[in-house]
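So this one's start.txt, compact mmCIF, C-alpha atoms:
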```txt
# COMPACT_ATOMS: atom_id res chain seq x y z
CA MET A 1 -6.87 -89.65 19.82
CA ASP A 2 -3.78 -88.30 18.12
CA SER A 3 -5.61 -87.57 14.95
CA ARG A 4 -8.30 -85.69 16.87
CA ILE A 5 -5.66 -83.57 18.61
CA GLN A 6 -3.98 -82.97 15.23
CA LEU A 7 -7.33 -81.88 13.77
CA PHE A 8 -7.87 -79.52 16.66
CA LEU A 9 -4.39 -78.04 16.23
CA VAL A 10 -4.90 -77.60 12.50
CA ALA A 11 -8.24 -75.96 13.13
CA ALA A 12 -6.65 -73.64 15.69
CA LEU A 13 -3.82 -72.81 13.29
CA LEU A 14 -6.24 -72.10 10.45
CA GLY A 15 -8.20 -69.95 12.84
CA LEU A 16 -5.08 -67.93 13.62
CA ILE A 17 -4.29 -67.51 9.94
CA TRP A 18 -7.81 -66.41 9.05
CA ALA A 19 -8.42 -64.22 12.02
CA PRO A 20 -6.08 -61.40 10.87
CA ASN A 21 -7.76 -61.54 7.48
CA ALA A 22 -11.09 -61.12 9.12
CA ILE A 23 -9.77 -58.10 11.11
CA ALA A 24 -8.10 -56.68 8.02
CA ALA A 25 -11.34 -56.90 6.11
CA GLN A 26 -13.18 -54.72 8.61
CA PRO A 27 -11.57 -51.31 7.81
CA LYS A 28 -12.67 -51.71 4.19
CA ASP A 29 -16.26 -51.81 5.35
CA LEU A 30 -15.66 -48.76 7.60
CA GLU A 31 -14.20 -46.82 4.70
CA LEU A 32 -17.31 -47.35 2.63
CA GLU A 33 -19.68 -46.44 5.42
CA PRO A 34 -19.24 -42.61 5.41
CA LEU A 35 -20.20 -42.46 1.74
CA VAL A 36 -23.59 -43.86 2.61
CA VAL A 37 -24.43 -41.53 5.55
CA ARG A 38 -22.77 -38.38 4.18
CA GLU A 39 -24.98 -35.27 4.31
CA PRO A 40 -25.16 -32.65 1.55
CA GLU A 41 -22.69 -29.78 2.07
CA ARG A 42 -24.25 -26.92 4.03
CA ARG A 43 -23.99 -23.58 2.28
CA GLU A 44 -25.68 -21.32 4.82
CA VAL A 45 -24.32 -17.76 4.81
CA LYS A 46 -23.10 -16.62 8.22
CA VAL A 47 -23.45 -12.84 8.03
CA ASP A 48 -21.72 -12.32 11.40
CA ASP A 49 -18.55 -13.96 10.05
CA ILE A 50 -18.20 -11.48 7.19
CA ASP A 51 -15.24 -9.17 7.79
CA SER A 52 -16.69 -5.86 8.99
CA GLU A 53 -14.60 -2.72 9.03
CA ASN A 54 -16.38 -0.27 11.31
CA PHE A 55 -13.48 0.73 13.55
CA GLU A 56 -10.94 3.31 12.52
CA ILE A 57 -7.72 3.98 14.43
CA GLY A 58 -4.84 6.18 13.57
CA ALA A 59 -2.27 8.78 14.46
CA TYR A 60 -2.00 12.42 13.49
CA GLY A 61 0.40 15.30 13.67
CA GLY A 62 0.32 18.99 12.88
CA ILE A 63 0.29 22.43 14.37
CA LEU A 64 -1.70 23.64 17.37
CA ASP A 65 -1.94 27.37 17.95
CA ILE A 66 -2.61 27.90 21.66
CA GLN A 67 -3.93 31.39 22.25
CA ASP A 68 -1.22 33.69 23.70
CA PHE A 69 1.26 30.79 23.79
CA GLY A 70 2.21 30.54 20.15
CA SER A 71 2.07 27.72 17.62
CA ASN A 72 3.63 24.39 18.42
CA ALA A 73 3.82 20.89 17.03
CA VAL A 74 0.98 18.61 18.11
CA TYR A 75 0.63 14.88 17.74
CA GLY A 76 -1.92 12.37 18.89
CA VAL A 77 -3.89 9.20 18.41
CA ARG A 78 -7.54 8.66 17.67
CA ALA A 79 -10.07 5.85 17.45
CA ALA A 80 -13.47 6.00 15.82
CA TYR A 81 -16.46 3.73 15.53
CA HIS A 82 -18.64 4.15 12.46
CA VAL A 83 -22.19 3.72 13.73
CA THR A 84 -23.92 4.35 10.40
CA GLU A 85 -22.75 5.52 6.99
CA ASP A 86 -23.44 9.08 8.18
CA PHE A 87 -22.36 9.18 11.83
CA PHE A 88 -19.20 8.19 13.63
CA ILE A 89 -18.11 8.53 17.22
CA GLU A 90 -14.49 9.40 17.82
CA GLY A 91 -12.16 9.74 20.78
CA LEU A 92 -8.74 11.31 20.56
CA TYR A 93 -5.79 12.16 22.76
CA GLY A 94 -3.12 14.63 21.77
CA ARG A 95 -0.05 16.34 23.17
CA SER A 96 1.65 19.62 22.49
CA GLU A 97 3.44 22.25 24.50
CA LEU A 98 2.99 25.90 25.38
CA GLY A 99 5.38 28.40 23.85
CA LYS A 100 6.17 31.74 25.45
CA THR A 101 3.66 34.56 25.61
CA SER A 102 4.64 37.91 24.16
CA PHE A 103 4.81 39.26 27.71
CA GLU A 104 7.31 36.58 28.74
CA LYS A 105 9.48 37.27 25.69
CA LEU A 106 9.53 41.05 26.24
CA SER A 107 10.05 40.99 29.99
CA GLY A 108 13.06 38.71 29.93
CA ASP A 109 13.17 36.39 32.93
CA VAL A 110 9.49 36.38 33.89
CA GLU A 111 7.88 32.92 33.57
CA LEU A 112 4.10 32.69 33.79
CA VAL A 113 4.14 28.91 33.61
CA THR A 114 6.65 26.41 34.96
CA ASP A 115 8.42 24.10 32.53
CA ASP A 116 6.37 21.11 33.75
CA ASP A 117 3.14 22.98 33.15
CA ARG A 118 4.15 23.84 29.60
CA GLN A 119 3.26 20.30 28.59
CA PHE A 120 -0.16 20.55 27.03
CA SER A 121 -2.40 17.53 26.52
CA TYR A 122 -6.06 17.06 25.70
CA TYR A 123 -8.68 14.45 25.05
CA ASN A 124 -11.94 14.83 23.21
CA LEU A 125 -15.00 12.70 22.52
CA SER A 126 -16.76 13.73 19.35
CA VAL A 127 -19.55 12.96 16.96
CA GLY A 128 -18.74 13.24 13.28
CA TYR A 129 -21.17 13.58 10.41
CA ASN A 130 -20.11 12.65 6.88
CA ILE A 131 -21.16 15.18 4.27
CA LEU A 132 -20.31 15.63 0.61
CA PRO A 133 -19.08 12.12 -0.17
CA GLY A 134 -17.41 11.74 -3.52
CA GLU A 135 -14.39 10.77 -5.48
CA ALA A 136 -11.13 12.62 -5.87
CA PHE A 137 -9.24 12.17 -9.11
CA VAL A 138 -5.47 12.12 -9.15
CA GLY A 139 -4.18 12.46 -12.68
CA ARG A 140 -6.13 10.57 -15.31
CA LYS A 141 -5.58 7.08 -13.92
CA TYR A 142 -6.54 7.16 -10.25
CA ALA A 143 -9.80 7.82 -8.43
CA PHE A 144 -10.03 7.75 -4.64
CA ARG A 145 -13.26 7.86 -2.70
CA GLY A 146 -13.48 10.33 0.12
CA GLY A 147 -15.61 12.92 1.73
CA LEU A 148 -15.87 15.88 3.98
CA TYR A 149 -17.09 15.53 7.55
CA LEU A 150 -18.19 17.90 10.28
CA ILE A 151 -17.12 17.05 13.79
CA ALA A 152 -17.93 18.44 17.23
CA GLY A 153 -17.21 17.24 20.71
CA ALA A 154 -16.29 17.86 24.30
CA GLY A 155 -13.33 16.91 26.41
CA SER A 156 -10.68 18.15 28.73
CA SER A 157 -7.39 20.00 28.25
CA ASP A 158 -4.46 19.92 30.64
CA PHE A 159 -3.55 23.61 30.29
CA ALA A 160 -0.86 25.20 32.50
CA GLY A 161 -1.30 22.50 35.15
CA ASP A 162 -5.10 22.63 35.31
CA GLN A 163 -7.80 20.51 33.70
CA ARG A 164 -10.08 22.70 31.57
CA PHE A 165 -13.43 21.66 30.14
CA THR A 166 -13.02 21.96 26.40
CA VAL A 167 -15.45 22.00 23.54
CA SER A 168 -14.29 21.49 20.00
CA GLY A 169 -15.64 21.87 16.51
CA GLY A 170 -14.27 21.62 13.05
CA PHE A 171 -14.23 19.78 9.80
CA GLY A 172 -12.02 17.35 7.97
CA TYR A 173 -11.47 15.44 4.79
CA ARG A 174 -11.00 11.70 4.61
CA MET A 175 -9.56 10.14 1.48
CA ALA A 176 -9.47 6.36 1.19
CA ALA A 177 -6.17 5.16 -0.25
CA THR A 178 -7.52 1.62 -0.05
CA ASP A 179 -10.60 0.16 1.67
CA TRP A 180 -8.70 -0.04 4.94
CA LEU A 181 -6.21 2.84 4.79
CA SER A 182 -7.31 6.47 4.84
CA LEU A 183 -5.62 9.82 4.73
CA ARG A 184 -7.15 12.49 6.94
CA ILE A 185 -6.80 16.23 7.14
CA ASP A 186 -8.45 17.99 10.08
CA VAL A 187 -9.10 21.57 11.13
CA ARG A 188 -10.36 21.91 14.70
CA ASP A 189 -10.96 24.71 17.16
CA TYR A 190 -10.56 23.76 20.83
CA VAL A 191 -12.25 26.25 23.14
CA PHE A 192 -11.79 26.51 26.89
CA GLU A 193 -11.81 29.15 29.59
CA SER A 194 -8.82 30.15 31.66
CA ASP A 195 -8.00 32.78 34.29
CA LEU A 196 -4.27 32.25 33.97
CA LEU A 197 -3.64 35.75 32.57
CA GLY A 198 -5.72 37.57 35.20
CA SER A 199 -9.37 37.75 34.21
CA ASN A 200 -11.34 34.74 33.05
CA GLU A 201 -11.29 34.56 29.29
CA THR A 202 -12.30 32.19 26.54
CA LEU A 203 -9.35 30.82 24.61
CA HIS A 204 -9.61 29.62 21.01
CA ASN A 205 -6.95 27.18 19.93
CA LEU A 206 -6.82 26.31 16.28
CA GLU A 207 -5.33 23.05 15.15
CA PHE A 208 -4.33 21.84 11.70
CA THR A 209 -3.39 18.19 11.41
CA GLY A 210 -2.88 15.42 8.93
CA GLY A 211 -2.85 11.73 9.67
CA LEU A 212 -3.33 8.16 8.61
CA THR A 213 -6.07 5.86 9.83
CA VAL A 214 -6.68 2.16 9.43
CA PHE A 215 -10.14 0.58 9.20
CA PHE A 216 -10.61 -2.83 10.75
CA MET B 1 -7.36 -8.87 12.32
CA LEU B 2 -5.62 -5.49 12.12
CA ALA B 3 -2.24 -7.16 11.89
CA ALA B 4 -3.56 -9.42 9.15
CA LEU B 5 -4.70 -6.36 7.21
CA ALA B 6 -1.52 -4.44 7.81
CA PHE B 7 0.67 -7.25 6.61
CA GLY B 8 -1.47 -8.05 3.61
CA LEU B 9 -2.74 -11.51 4.45
CA PRO B 10 -4.05 -13.25 1.31
CA ALA B 11 -7.68 -12.47 0.66
CA ASP B 12 -8.73 -16.10 0.56
CA ALA B 13 -7.94 -16.48 4.29
CA LYS B 14 -11.16 -14.56 5.05
CA TYR B 15 -14.73 -15.76 5.04
CA GLN B 16 -16.20 -14.61 1.72
CA PRO B 17 -19.52 -16.32 1.08
CA GLU B 18 -21.34 -16.41 -2.27
CA VAL B 19 -24.96 -15.34 -2.68
CA VAL B 20 -27.36 -15.25 -5.61
CA VAL B 21 -29.15 -12.09 -6.77
CA SER B 22 -32.92 -12.75 -6.73
CA ASP B 23 -34.23 -9.23 -7.45
CA PRO B 24 -34.20 -8.17 -11.14
CA TYR B 25 -30.92 -6.34 -10.35
CA ILE B 26 -28.93 -4.81 -7.49
CA ASP B 27 -26.93 -1.58 -7.55
CA LEU B 28 -23.18 -1.44 -7.02
CA HIS B 29 -21.94 1.89 -5.65
CA THR B 30 -18.33 3.09 -5.81
CA GLY B 31 -18.22 3.56 -2.02
CA PRO B 32 -20.06 2.58 1.17
CA GLY B 33 -22.61 5.40 1.19
CA ARG B 34 -25.73 6.44 -0.69
CA GLY B 35 -23.92 9.51 -2.03
CA TYR B 36 -21.43 7.44 -4.01
CA PRO B 37 -22.56 6.87 -7.60
CA ILE B 38 -23.92 3.58 -8.95
CA PHE B 39 -21.44 2.33 -11.55
CA TYR B 40 -22.67 -1.20 -12.23
CA VAL B 41 -25.64 -3.49 -11.67
CA ALA B 42 -25.57 -7.22 -10.94
CA ALA B 43 -28.39 -9.07 -12.68
CA GLN B 44 -30.87 -11.65 -11.38
CA GLY B 45 -29.24 -15.05 -11.03
CA ASP B 46 -25.69 -13.67 -10.73
CA ARG B 47 -23.55 -15.36 -8.08
CA ILE B 48 -21.83 -12.56 -6.20
CA THR B 49 -19.09 -12.90 -3.57
CA ILE B 50 -19.36 -10.86 -0.36
CA LEU B 51 -15.89 -9.50 0.43
CA LYS B 52 -16.47 -7.30 3.50
CA ALA B 53 -18.88 -4.99 5.27
CA GLN B 54 -18.75 -1.40 6.46
CA THR B 55 -21.68 0.07 8.44
CA GLU B 56 -24.78 -0.95 6.46
CA TRP B 57 -22.89 -1.59 3.18
CA TYR B 58 -21.41 -4.79 1.76
CA LYS B 59 -18.57 -4.91 -0.72
CA VAL B 60 -19.23 -7.57 -3.37
CA ARG B 61 -17.53 -9.02 -6.44
CA THR B 62 -19.63 -9.93 -9.47
CA PRO B 63 -18.93 -12.90 -11.81
CA ARG B 64 -17.34 -10.40 -14.22
CA GLY B 65 -14.93 -9.26 -11.54
CA LYS B 66 -16.55 -5.87 -10.79
CA GLU B 67 -16.23 -4.84 -7.15
CA GLY B 68 -18.65 -2.39 -5.57
CA TRP B 69 -20.72 -1.60 -2.50
CA VAL B 70 -24.33 -2.75 -2.04
CA ASN B 71 -26.71 -1.42 0.61
CA VAL B 72 -28.08 -3.89 3.17
CA SER B 73 -31.66 -3.24 1.96
CA GLN B 74 -30.72 -4.78 -1.42
CA MET B 75 -28.47 -7.45 0.09
CA SER B 76 -31.36 -8.74 2.18
CA SER B 77 -33.16 -9.80 -1.00
CA THR B 78 -30.31 -12.08 -2.09
CA LEU B 79 -30.46 -15.85 -1.46
CA ASP B 80 -27.82 -18.34 -0.41
CA LEU B 81 -26.71 -21.09 -2.85
CA ASP B 82 -29.48 -23.38 -1.54
CA GLY B 83 -32.08 -20.73 -2.38
CA GLN B 84 -32.66 -19.81 1.27
CA GLN B 85 -33.22 -16.29 2.59
CA ILE B 86 -30.28 -14.75 4.46
CA ASN B 87 -30.77 -12.68 7.58
CA PHE B 88 -28.75 -9.49 7.06
CA PRO B 89 -29.07 -7.36 10.20
CA GLN B 90 -30.93 -4.10 9.66
CA TYR B 91 -31.34 -1.59 12.44
CA GLY B 92 -34.51 0.33 13.05
CA LEU B 93 -36.95 1.23 15.80
CA ASP B 94 -37.70 -2.47 16.47
CA GLU B 95 -34.04 -3.19 17.18
CA PHE B 96 -33.83 -0.03 19.31
CA GLY B 97 -36.57 -1.57 21.49
CA LYS B 98 -34.45 -4.70 21.94
CA ARG B 99 -31.14 -2.89 22.44
CA ARG B 100 -28.80 -5.04 24.52
CA TRP B 101 -25.52 -3.12 24.70
CA VAL B 102 -25.44 0.67 24.71
CA PHE B 103 -22.27 2.76 24.64
CA GLY B 104 -22.05 6.52 24.64
CA PHE B 105 -20.71 9.72 26.04
CA ALA B 106 -22.24 12.87 27.38
CA ALA B 107 -21.41 16.29 28.73
CA GLY B 108 -23.25 18.59 31.09
CA ASP B 109 -23.44 20.47 34.35
CA PHE B 110 -22.48 18.99 37.71
CA GLY B 111 -23.37 21.40 40.53
CA GLY B 112 -21.98 24.37 38.61
CA ALA B 113 -18.96 22.50 37.28
CA ARG B 114 -18.72 20.84 33.87
CA ILE B 115 -18.92 17.07 33.57
CA LEU B 116 -17.86 14.60 30.85
CA SER B 117 -19.04 11.00 30.99
CA ALA B 118 -18.50 7.76 29.14
CA THR B 119 -21.24 5.18 29.67
CA GLY B 120 -21.68 1.46 29.04
CA THR B 121 -25.04 -0.23 29.60
CA PHE B 122 -25.98 -3.90 29.46
CA LYS B 123 -29.58 -5.12 29.44
CA LEU B 124 -30.32 -7.74 32.09
CA THR B 125 -34.05 -8.15 31.45
CA PRO B 126 -36.28 -6.36 28.88
CA ASN B 127 -36.81 -3.51 31.36
CA ILE B 128 -33.77 -3.55 33.62
CA SER B 129 -30.16 -2.72 32.72
CA ALA B 130 -26.86 -2.44 34.54
CA GLU B 131 -24.84 0.67 33.81
CA LEU B 132 -21.26 1.80 34.45
CA VAL B 133 -20.29 5.47 34.12
CA ALA B 134 -16.81 7.03 34.23
CA SER B 135 -16.82 10.82 34.55
CA GLN B 136 -14.45 13.71 34.75
CA VAL B 137 -15.65 16.80 36.65
CA LEU B 138 -14.10 20.14 35.67
CA GLY B 139 -14.84 23.10 37.91
CA ASP B 140 -13.44 26.61 38.24
CA TYR B 141 -11.74 25.82 41.54
CA SER B 142 -11.40 22.06 41.50
CA ASP B 143 -11.60 19.04 39.26
CA GLY B 144 -11.96 15.34 39.80
CA TYR B 145 -13.05 11.95 38.66
CA MET B 146 -16.15 9.92 39.42
CA GLY B 147 -17.07 6.30 38.77
CA THR B 148 -20.59 4.98 39.39
CA ALA B 149 -22.56 1.77 38.90
CA SER B 150 -26.32 1.93 38.49
CA ILE B 151 -29.43 -0.11 37.91
CA VAL B 152 -31.60 1.42 35.18
CA MET B 153 -35.31 0.74 34.82
CA SER B 154 -36.88 1.43 31.39
CA PRO B 155 -40.64 0.73 31.51
CA PHE B 156 -41.12 1.34 27.76
CA PRO B 157 -37.88 0.38 25.97
CA GLU B 158 -39.66 0.25 22.57
CA TRP B 159 -40.85 3.87 22.61
CA ARG B 160 -39.05 6.30 20.31
CA VAL B 161 -38.63 8.55 23.37
CA SER B 162 -38.01 5.96 26.04
CA PRO B 163 -38.01 7.21 29.66
CA PHE B 164 -35.91 5.58 32.36
CA PHE B 165 -35.22 5.80 36.08
CA GLU B 166 -32.03 4.83 37.82
CA ILE B 167 -30.35 4.50 41.18
CA GLY B 168 -26.68 3.89 41.81
CA SER B 169 -23.60 4.66 43.78
CA GLY B 170 -19.86 5.07 43.36
CA MET B 171 -16.81 7.08 44.31
CA ILE B 172 -15.78 10.66 43.62
CA ASN B 173 -12.29 12.11 43.84
CA VAL B 174 -11.84 15.90 43.96
CA ASN B 175 -8.64 17.93 43.84
CA PRO B 176 -8.31 21.72 43.85
CA GLN B 177 -6.94 23.73 40.90
CA THR B 178 -3.39 25.05 41.12
CA THR B 179 -4.53 28.69 41.11
CA VAL B 180 -6.54 28.12 44.28
CA VAL B 181 -5.15 27.33 47.70
CA GLN B 182 -7.57 24.92 49.33
CA SER B 183 -7.79 21.66 51.19
CA GLN B 184 -6.12 18.47 49.91
CA ASP B 185 -7.44 15.84 47.51
CA ARG B 186 -10.34 13.91 48.88
CA THR B 187 -12.24 10.79 47.88
CA ASP B 188 -15.84 10.23 48.98
CA GLU B 189 -18.62 7.79 48.39
CA ILE B 190 -21.48 9.10 46.29
CA ALA B 191 -25.02 7.83 45.70
CA HIS B 192 -27.61 9.05 43.23
CA ALA B 193 -31.09 8.73 41.79
CA GLY B 194 -31.85 9.85 38.27
CA ILE B 195 -34.47 10.24 35.57
CA GLY B 196 -33.99 10.64 31.84
CA ALA B 197 -34.90 9.52 28.35
CA ASP B 198 -33.29 7.71 25.43
CA VAL B 199 -34.34 9.19 22.09
CA TYR B 200 -34.00 7.05 18.97
CA LEU B 201 -32.39 8.97 16.10
CA SER B 202 -31.52 6.63 13.22
CA LYS B 203 -30.14 3.14 12.55
CA ARG B 204 -28.12 2.37 15.72
CA PHE B 205 -27.81 5.95 16.87
CA MET B 206 -29.54 7.53 19.85
CA PHE B 207 -29.57 10.62 22.05
CA ARG B 208 -29.79 10.60 25.83
CA ALA B 209 -30.68 13.37 28.28
CA GLU B 210 -30.69 12.85 32.03
CA TYR B 211 -31.01 14.48 35.42
CA LYS B 212 -29.31 12.96 38.47
CA ARG B 213 -29.46 13.96 42.11
CA HIS B 214 -26.21 12.99 43.87
CA THR B 215 -25.54 12.77 47.57
CA VAL B 216 -21.86 12.93 48.49
CA LEU B 217 -21.32 10.99 51.72
CA THR B 218 -18.57 13.19 53.17
CA SER B 219 -16.61 12.61 56.33
CA ARG B 220 -17.78 16.01 57.54
CA ASP B 221 -21.06 16.53 59.40
CA ASP B 222 -23.16 17.50 56.38
CA ASN B 223 -23.75 15.44 53.29
CA GLU B 224 -23.45 17.44 50.10
CA GLU B 225 -26.23 17.40 47.48
CA ILE B 226 -25.27 17.88 43.82
CA ASP B 227 -27.55 18.22 40.79
CA GLU B 228 -26.30 16.82 37.48
CA TRP B 229 -27.80 17.67 34.08
CA ILE B 230 -26.25 15.78 31.22
CA ALA B 231 -26.91 14.98 27.54
CA GLY B 232 -25.06 13.07 24.88
CA PHE B 233 -25.01 10.55 22.08
CA SER B 234 -24.83 6.79 22.19
CA PHE B 235 -25.21 3.75 19.97
CA PHE B 236 -26.58 0.27 20.61
CA LEU B 237 -25.55 -3.19 19.53
```
Starting from the file, give its structure as structure tokens.
Amino acid sequence: MDSRIQLFLVAALLGLIWAPNAIAAQPKDLELEPLVVREPERREVKVDDIDSENFEIGAYGGILDIQDFGSNAVYGVRAAYHVTEDFFIEGLYGRSELGKTSFEKLSGDVELVTDDDRQFSYYNLSVGYNILPGEAFVGRKYAFRGGLYLIAGAGSSDFAGDQRFTVSGGFGYRMAATDWLSLRIDVRDYVFESDLLGSNETLHNLEFTGGLTVFF
Amino acid sequence: MLAALAFGLPADAKYQPEVVVSDPYIDLHTGPGRGYPIFYVAAQGDRITILKAQTEWYKVRTPRGKEGWVNVSQMSSTLDLDGQQINFPQYGLDEFGKRRWVFGFAAGDFGGARILSATGTFKLTPNISAELVASQVLGDYSDGYMGTASIVMSPFPEWRVSPFFEIGSGMINVNPQTTVVQSQDRTDEIAHAGIGADVYLSKRFMFRAEYKRHTVLTSRDDNEEIDEWIAGFSFFL
């Protein structure tokens, strides 16, 4: 009997010693397995994941000449979406202020517009058309691509406390410093009607600005 | 993405797949436009890396390190590294017929006043779309804002001149100009029916003209009828 119990104990002990070996052997098999079922690397091109740079945002500053109210500093922000290589759609918002009319200067104390209403702001939604693309050469080492564009749009101007329907037209030049950074120079005419000075008249307001835009 | 660009993230952080030229050659332009000159050609069998895209142009790098812009019409003939065709999106009249998102703006006449609108449209079924419009109304004696939601029915979305009908409703807020002494600001409900057409221009660009008949549901005894004529540009995705 004793010997049978001893045999059983030895067998159990051996089992305990071997069992961890058996468990330890398993991961080796698992490690080999992926090599067998591994698929060839997929090299499909995902066009949607390619970095596209069709949006352009930026800030600008310059001079706005408001008819009868003198020339003043103007600054603003704009965002554009390039729909095709030719057309882009752009929205902008700018601020300036009204100076004094000649009449106000000559007559002394007379104020046609309150100080609050001298704040001038406008927004405009425009369509731009790229024309005359080309390269600009700076010195003998550098070439920058750029081009002229025509732009026209409609919007609203907050003029002397009233919202005025405004149409605009002009042209500009965009020079790409890098693929994503551009320098822009714009000349725009903002046209709206006002009866502030008595009769209803059409006011032309010329604006000259320069700015930087980022493509993303 | 903008921040990444502004702070000069390393180029290898972006997805820049390689493709193989299968036409005899493809043209590399100096800029993303047909007016920019061709300065280099990549030959058949060259593995080129696509760096980025702008409108319908792709900036690529050749094995010799030349970087230039290739039009989508030539890119679409390249193959991936397994020799499979790649589907580069090209926009034409077919895609116009399947337009899903449309964004645009327009200007026109709103009962004698001027109106400016920004519009976003989403296609629900091939013929029916949901549309949101935000407008500013600028009159001689008053100005205001209007927001409307509409259901648009286009029976022939694939036609180059594609007619549509719409009904919708919204709110209008009107306040008098400072040079006129009049009643106070007021906000009313407004409902409309309209008819118009989308005209396909080129690539993803389109023109829209529309007539809407609005009924302002005022708190006074009479409802006010307003005619709106409006036209503008939009693009589709």
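CA of Asn87 in chain B is positioned 8.6 Å from CA of Lys46 in chain A.
Neighbouring residues of range 134-149 of chain A at 10 Å or closer, counting all atoms listed in the file and skipping chain neighbours under 5 positions away, are A:Asp86, A:Phe87, A:Phe88, A:Gly128, A:Tyr129, A:Gly170, A:Phe171, A:Gly172, A:Tyr173, A:Arg174, A:Met175, A:Ala176, A:Ala177, A:Thr178, A:Asp179, A:Ser182, A:Leu183, A:Arg184, A:Ile185, A:Asp186, B:Thr30, B:Gly31, B:Pro32, B:Gly33, B:Gly35, B:Tyr36, B:Pro37.
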Cut-off 7 Å: closest chain B/chain A atom pairs per residue, using only C-alpha atoms, as CSV:
```
residue,atom,partner,partner_atom,distance
B:Leu2,CA,A:Phe216,CA,5.8
B:Tyr15,CA,A:Ile50,CA,5.9
B:Gln16,CA,A:Ile50,CA,6.6
B:Pro17,CA,A:Val45,CA,6.2
B:Gly31,CA,A:Arg145,CA,6.6
B:Gly33,CA,A:Glu85,CA,5.8
B:Gly35,CA,A:Pro133,CA,5.8
B:Tyr36,CA,A:Gly134,CA,5.9
B:Lys52,CA,A:Asp51,CA,4.8
B:Ala53,CA,A:Ser52,CA,4.4
B:Gln54,CA,A:Glu53,CA,5.1
B:Thr55,CA,A:Thr84,CA,5.2
B:Glu56,CA,A:Thr84,CA,6.7
B:Asp80,CA,A:Val45,CA,6.3
B:Leu81,CA,A:Arg43,CA,6.3
B:Asp82,CA,A:Arg43,CA,6.7
B:Ile86,CA,A:Val45,CA,6.7
B:Phe88,CA,A:Val47,CA,6.3
B:Ala107,CA,A:Ala154,CA,7.0
B:Arg114,CA,A:Phe165,CA,6.5
B:Leu116,CA,A:Gly155,CA,6.8
B:Leu138,CA,A:Phe165,CA,5.8
B:Asp143,CA,A:Gln163,CA,6.9
B:Gln177,CA,A:Asp162,CA,6.0
B:Thr178,CA,A:Asp162,CA,6.5
B:Lys203,CA,A:Thr84,CA,6.7
B:Arg204,CA,A:Val83,CA,6.4
B:Phe205,CA,A:Val83,CA,6.8
B:Phe235,CA,A:Val83,CA,6.9
```
- Hey, what's within 8 Å of Gly169 in chain A if we count all atoms listed in the file and toss same-chain stuff fewer than 6 positions away? As a PyMOL selection string, please? chain A and resi 150-153+188-190
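Across the structure, CA of Leu93 in chain B and CA of Leu28 in chain B are spaced 26.8 Å apart.
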- Item | Shell around Ile226 in chain B at 7 Å using only C-alpha atoms, local window under 5 positions removed, as a ChimeraX atom specification | /B:110-111,213-215
- Taking (-27.2, 17.8, 34.8) in the file's coordinates, which residues come within 8 Å, counting only C-alpha atoms, written as a count of residues only? 12
- Task: Would you mind listing what lies within 8 Å of Tyr75 in chain A as a ChimeraX atom specification, with only C-alpha atoms counted and same-chain residues fewer than 3 positions away left out?
- Result: /A:59-62,94-96
- Neighbourhood query: residues within 9 Å of (-29.5, -15.0, -1.8), file coordinates, counting all atoms listed in the file; return as an NGL selection string. (:A and (45)) or (:B and (18-22 or 47 or 75-86))
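You will find CA of Val191 in chain A at 16.1 Å from CA of Val74 in chain A.
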Taking all atoms of range 183-188 of chain A that the file lists, what box with edges along x, y and z, padded by 3 Å per side, do you get, with centre and edge lengths in Å to one decimal, as AutoDock Vina command-line options?
```
--center_x -8.0 --center_y 15.9 --center_z 9.7 --size_x 10.7 --size_y 18.1 --size_z 16.0
```
